[in-house]
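For reference, the structure is listed below as structure tokens.
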Amino acid sequence: MKYYALKDENNKIIVNTWEEAQEILKTMSKPKYKSFSSKEDAEAFLEDKEIKRVADGPSAYIDGSYDVKTKSYSFGGILIIDGKEYTFKKKYDNDLYADLRNVAGEIKGAGYIINYCVNHNIKKINIYYDYIGIEKWYKKEWKANSSIAIEYVKFADSIRDKIEVVFHKVKSHTNDYYNDLADKLAKEALGI
């Protein structure tokens with residue numbers, strides 16, 4: 001089931017169909033709206049509340065960013081283990097992967113966090129991402145055509161027997177605290 005959260009200065013409404021949402025949006029002044037798969041997330045959006053969601057066990061959020069002016073890209077990441085948060089961010093200057101913009105950062109971030117876990121003897125990690133290629137290339141569900149995706153697949157093959165990676169897709173910019181923090185760290189790495 002979908003939940004459509006609609007709000008303006010005077011109204012906060014959740015409906016279950018896009019048709020209902022469209023009719024209500026016509027009556028609102030400067031509305032903001034999004035769709036959600038859970039009522040909890042829709043309510044959090046209406047109240048501007050941040051959601052902190054992690055699975056049992058070690059979890060990580062990753063995001064990438066890109067600076068058009070410098071042609072640099074970056075990643076930001078948060079690793080949560082036993083309630084402790086470890087933050088990571090790294091900038092990559094205009095290199096052979098820069099043409100993939102923030103996607104290059106997302107791939108580098110996923111590889112970095114997974115490798116960190118392998119090096120620290122973590123056997124299972126939940127990875128939260130907002131770019132689906134991170135999961136699809138890792139699982140070989142997408143053909144890797146770019147050089148960075150090919151390297152990512154090779155990396156995944158080399159560590160598959162050392163760690164179980166469980167992927168979770170999240171929507172960007174939906175008040176998900178850790179996803180927003182990963183985005184912020186990626187931008188900080190670029191100085192933007």
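Convention: chains lettered A, B, ... in structure tokens order; per-chain residue numbering from 1; ligands numbered from 1 as shown.
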Proximity of stretch 128-156 of chain A to stretch 54-74 of chain A: per-residue shortest pair, 9 Å limit, only C-alpha atoms, as a Markdown table:
| residue | atom | partner | partner_atom | distance |
| --- | --- | --- | --- | --- |
| A:Tyr128 | CA | A:Tyr61 | CA | 4.6 |
| A:Tyr129 | CA | A:Ile62 | CA | 5.6 |
| A:Asp130 | CA | A:Asp63 | CA | 7.2 |
| A:Tyr131 | CA | A:Asp63 | CA | 8.1 |
Task: Polymer residues at most 12 Å from A:Val118, only C-alpha atoms, same-chain spacing of 2 or more positions, as a VMD selection string - done: chain A and resid 111 to 116 120 to 125 155 to 156 158 to 165
Just the selected residues (C-alpha atoms), exported as a CSV table (one decimal), in the first residue's frame, please.
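Writing the result to selection01.csv gives the following:
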chain,number,residue,atom,x,y,z
A,111,GLY,CA,33.5,-0.7,-1.5
A,112,TYR,CA,35.2,1.2,1.2
A,113,ILE,CA,32.6,0.3,3.9
A,114,ILE,CA,32.5,-3.4,2.9
A,115,ASN,CA,36.3,-3.6,2.8
A,116,TYR,CA,36.4,-1.9,6.2
A,120,HIS,CA,37.6,-5.7,11.0
A,121,ASN,CA,36.3,-9.3,10.9
A,122,ILE,CA,32.6,-8.2,10.5
A,123,LYS,CA,30.8,-11.2,8.9
A,124,LYS,CA,27.5,-9.5,7.9
A,125,ILE,CA,26.7,-5.9,7.0
A,155,PHE,CA,36.1,-6.6,-5.6
A,156,ALA,CA,32.7,-8.2,-4.7
A,158,SER,CA,37.1,-11.4,-4.1
A,159,ILE,CA,35.3,-10.9,-0.7
A,160,ARG,CA,32.0,-12.7,-1.2
A,161,ASP,CA,33.1,-15.6,1.0
A,162,LYS,CA,34.3,-13.3,3.8
A,163,ILE,CA,31.1,-11.2,4.4
A,164,GLU,CA,27.4,-11.3,3.8
A,165,VAL,CA,26.1,-8.0,2.4
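Within 10 Å of A:Glu188, once only C-alpha atoms are used and residues closer than 2 positions along the same chain are dropped, the contacting residues are Ser65, Ser74, Phe75, Gly76, Lys89, Lys90, Lys91, Ala182, Asp183, Lys184, Leu185, Ala186, Leu190, Gly191 and Ile192 of chain A.
The residue that comes closest to A:Leu46, out of A:Lys7, A:Lys108, A:Lys34, A:Lys187 and on the basis of only C-alpha atoms, is A:Lys7.
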Task: Residues of chain A in strand (DSSP E or B), written as a count of residues only - done: 56
TODO: Pick out the residues sitting within 9 Å of stretch 143-152 of chain A, and hand them over as a PyMOL selection string; count only C-alpha atoms, and ignore anything fewer than 6 positions along from it in its own chain.
DONE: chain A and resi 96-97+100+104+107-108+110-111+133-134+136-137
Could you take the residues named above and write them with N, CA, C and O atoms, as a PDB file, in the first residue's frame?
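What follows is the written file out_0.pdb:
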ATOM      1  N   LEU A  96      39.707   9.101 -13.663  1.00  0.00           N
ATOM      2  CA  LEU A  96      39.061   8.409 -14.780  1.00  0.00           C
ATOM      3  C   LEU A  96      37.627   7.985 -14.496  1.00  0.00           C
ATOM      4  O   LEU A  96      36.908   7.603 -15.418  1.00  0.00           O
ATOM      5  N   TYR A  97      37.163   8.069 -13.233  1.00  0.00           N
ATOM      6  CA  TYR A  97      35.793   7.693 -12.906  1.00  0.00           C
ATOM      7  C   TYR A  97      34.854   8.898 -12.780  1.00  0.00           C
ATOM      8  O   TYR A  97      33.656   8.741 -12.610  1.00  0.00           O
ATOM      9  N   LEU A 100      31.203   9.493 -14.126  1.00  0.00           N
ATOM     10  CA  LEU A 100      30.011   8.893 -13.518  1.00  0.00           C
ATOM     11  C   LEU A 100      29.466   9.728 -12.355  1.00  0.00           C
ATOM     12  O   LEU A 100      28.521   9.319 -11.687  1.00  0.00           O
ATOM     13  N   ALA A 104      29.991   7.351  -9.048  1.00  0.00           N
ATOM     14  CA  ALA A 104      31.353   6.905  -8.720  1.00  0.00           C
ATOM     15  C   ALA A 104      31.575   6.970  -7.213  1.00  0.00           C
ATOM     16  O   ALA A 104      32.168   6.065  -6.616  1.00  0.00           O
ATOM     17  N   ILE A 107      29.713   4.047  -5.497  1.00  0.00           N
ATOM     18  CA  ILE A 107      30.424   2.774  -5.666  1.00  0.00           C
ATOM     19  C   ILE A 107      31.648   2.729  -4.764  1.00  0.00           C
ATOM     20  O   ILE A 107      31.895   1.733  -4.075  1.00  0.00           O
ATOM     21  N   LYS A 108      32.425   3.813  -4.764  1.00  0.00           N
ATOM     22  CA  LYS A 108      33.623   3.871  -3.904  1.00  0.00           C
ATOM     23  C   LYS A 108      33.223   3.732  -2.437  1.00  0.00           C
ATOM     24  O   LYS A 108      33.898   3.052  -1.667  1.00  0.00           O
ATOM     25  N   ALA A 110      30.523   2.228  -1.125  1.00  0.00           N
ATOM     26  CA  ALA A 110      30.115   0.851  -0.826  1.00  0.00           C
ATOM     27  C   ALA A 110      31.340  -0.037  -0.678  1.00  0.00           C
ATOM     28  O   ALA A 110      31.457  -0.800   0.292  1.00  0.00           O
ATOM     29  N   GLY A 111      32.264   0.070  -1.607  1.00  0.00           N
ATOM     30  CA  GLY A 111      33.479  -0.735  -1.534  1.00  0.00           C
ATOM     31  C   GLY A 111      34.288  -0.446  -0.288  1.00  0.00           C
ATOM     32  O   GLY A 111      34.793  -1.365   0.371  1.00  0.00           O
ATOM     33  N   GLY A 133      22.218   0.794  -8.303  1.00  0.00           N
ATOM     34  CA  GLY A 133      23.345   0.129  -8.936  1.00  0.00           C
ATOM     35  C   GLY A 133      24.298  -0.504  -7.940  1.00  0.00           C
ATOM     36  O   GLY A 133      24.940  -1.522  -8.228  1.00  0.00           O
ATOM     37  N   ILE A 134      24.385   0.067  -6.737  1.00  0.00           N
ATOM     38  CA  ILE A 134      25.251  -0.479  -5.688  1.00  0.00           C
ATOM     39  C   ILE A 134      24.907  -1.943  -5.425  1.00  0.00           C
ATOM     40  O   ILE A 134      25.786  -2.780  -5.275  1.00  0.00           O
ATOM     41  N   LYS A 136      22.742  -3.864  -7.512  1.00  0.00           N
ATOM     42  CA  LYS A 136      22.605  -4.629  -8.756  1.00  0.00           C
ATOM     43  C   LYS A 136      23.954  -5.112  -9.295  1.00  0.00           C
ATOM     44  O   LYS A 136      24.064  -6.243  -9.754  1.00  0.00           O
ATOM     45  N   TRP A 137      24.986  -4.266  -9.238  1.00  0.00           N
ATOM     46  CA  TRP A 137      26.307  -4.700  -9.711  1.00  0.00           C
ATOM     47  C   TRP A 137      26.918  -5.714  -8.753  1.00  0.00           C
ATOM     48  O   TRP A 137      27.502  -6.694  -9.177  1.00  0.00           O
TER      49      TRP A 137
END
Task: Which of stretch 28-123 of chain A DSSP labels helix (DSSP H, G or I), written as a list in words - done: Lys39, Glu40, Asp41, Ala42, Glu43, Ala44, Phe45, Leu46, Ala98, Asp99, Leu100, Asn102, Val103, Ala104, Gly105, Glu106, Ile107, Lys108, Gly109, Ala110, Gly111, Tyr112, Ile113, Ile114, Asn115, Tyr116, Cys117, Val118 and Asn119 of chain A
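Remark: for A:Lys171, the closest of the candidate residues A:Glu43, A:Glu23, A:Phe36, A:Lys2 is A:Phe36 (distances computed over only C-alpha atoms).
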